[in-house]
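Trainee: Take a look at this one; I'll ask things after.
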Amino acid sequence: RAKQEAETLSQRKDKIRNEQFMKSTTFIMENLNSLTIDLSRIMDSSLSEELWRRYRKGEKGIFTRKLLKSRDAEKIRSRYRDDGDFRRFADQYVSEFREIMTEAASVDHSELLSDAFITADVGKVYLLLQEALDGIE
């Protein structure tokens, strides 16, 4: 009976941990997408009304994809050096993405989750920022 009770408690603990991870992940993913709005706005001050319309209709990753399309590492590097707001948003993005990867490592199937995050658009932005900012201090 004690063994069964211990197993039940262990399963509940795992379930709660996974639920907390999912809530935290959802919050961080939303925040990463919000940060890409700020990064995109600084990179291109003339964001089209079409992008905003699509965002308001529910395409929350539209600015993330726009930032990915630019792939201009030199422009990112320059903005990072010259624009304090851009630097703050980029640093926050990198920090929050690393947080989600750390949290992913603490749950079951951590390798699968890490792969999913790094290959998602938010992960690609992280890699783009890392590449562009490599060596900048």
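In the structure tokens, chains take the letters A, B, ... in the order shown, each chain's residues start at 1, and ligands count up from 1 in the order shown.
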Could you pull out all residues of chain A with a DSSP call of helix (DSSP H, G or I) and give them as a PyMOL selection string?

Mentor: chain A and resi 2-43+49-56+62-70+73-82+84-105+110-119+121-133

Trainee: Given only C-alpha atoms as the basis, pick out the residue of A:Ala2, A:Leu32, A:Leu112, A:Ile62 nearest to Glu99 (chain A).

Mentor: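 Residue with the minimum atom-to-atom distance to Glu99 (chain A): A:Leu32.
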
Trainee: For a test of reading the model, state the distance in Å between CA of Leu67 (chain A) and CA of Val125 (chain A), rounded to one decimal.

Mentor: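 Between CA of Leu67 (chain A) and CA of Val125 (chain A) the gap works out to 7.4 Å.
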
Trainee: Please list as a PyMOL selection string every residue within 8 Å of Gly61 (chain A), counting only C-alpha atoms and excluding residues in the same chain fewer than 3 positions away.

Mentor: chain A and resi 33+55+64-65+121

Trainee: Name the closest residue to Phe97 (chain A) among the candidates A:Glu30, A:Asp72, A:Glu59, A:Asp38; distances are taken between atoms, counting only C-alpha atoms.

Mentor: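 Closest candidate: A:Glu30.
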
Trainee: What's around region 88-92 of chain A at 9 Å? Count only C-alpha atoms, leave out sequence neighbours fewer than 4 positions away in its own chain, and write the answer as JSON, numbers by chain.

Mentor: {"A": [32, 35, 36, 38, 39, 80, 83, 84, 96, 97, 126, 129]}

Trainee: Write out as a list in words each polymer residue whose atoms come within 10 Å of Lys75 (chain A), counting only C-alpha atoms; drop sequence neighbours fewer than 6 positions from it.

Mentor: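 Non-adjacent residues within range: Met43, Arg81 and Ala132 of chain A.
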
Trainee: Output all heavy atoms for every residue in that selection, as a CSV table (one decimal), in the first residue's frame.

Mentor:
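After the write, selection-v8.csv holds the following:
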chain,number,residue,atom,x,y,z
A,43,MET,N,14.4,47.7,-36.0
A,43,MET,CA,15.2,47.4,-37.2
A,43,MET,C,14.5,48.0,-38.5
A,43,MET,O,15.2,48.4,-39.4
A,43,MET,CB,15.2,45.9,-37.5
A,43,MET,CG,16.0,45.1,-36.5
A,43,MET,SD,17.8,45.2,-36.7
A,43,MET,CE,17.9,44.2,-38.2
A,81,ARG,N,25.1,47.6,-31.1
A,81,ARG,CA,26.1,48.5,-30.6
A,81,ARG,C,25.6,49.9,-30.4
A,81,ARG,O,26.0,50.6,-29.4
A,81,ARG,CB,27.3,48.6,-31.6
A,81,ARG,CG,28.3,47.5,-31.4
A,81,ARG,CD,29.6,47.8,-32.2
A,81,ARG,NE,29.3,47.8,-33.7
A,81,ARG,CZ,29.6,46.8,-34.5
A,81,ARG,NH1,30.2,45.7,-34.1
A,81,ARG,NH2,29.3,46.9,-35.8
A,132,ALA,N,24.8,37.0,-34.8
A,132,ALA,CA,25.1,38.4,-35.0
A,132,ALA,C,25.9,39.0,-33.9
A,132,ALA,O,26.7,39.9,-34.2
A,132,ALA,CB,23.8,39.1,-35.2

Trainee: Taking into account only C-alpha atoms, which residue in the set A:Leu51, A:Val107, A:Phe86, A:Arg71 is nearest to Leu127 (chain A)?

Mentor: A:Arg71

Trainee: Quick one: distance from CA of Phe21 (chain A) to CA of Arg98 (chain A) in Å, one decimal?

Mentor: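 Here the two named atoms are 14.2 Å from each other.
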
Trainee: So the first atom is CA of Phe27 (chain A) and the second is CA of Glu131 (chain A); what is the distance between them in Å, to one decimal place?

Mentor: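 These two atoms are separated by 25.2 Å.
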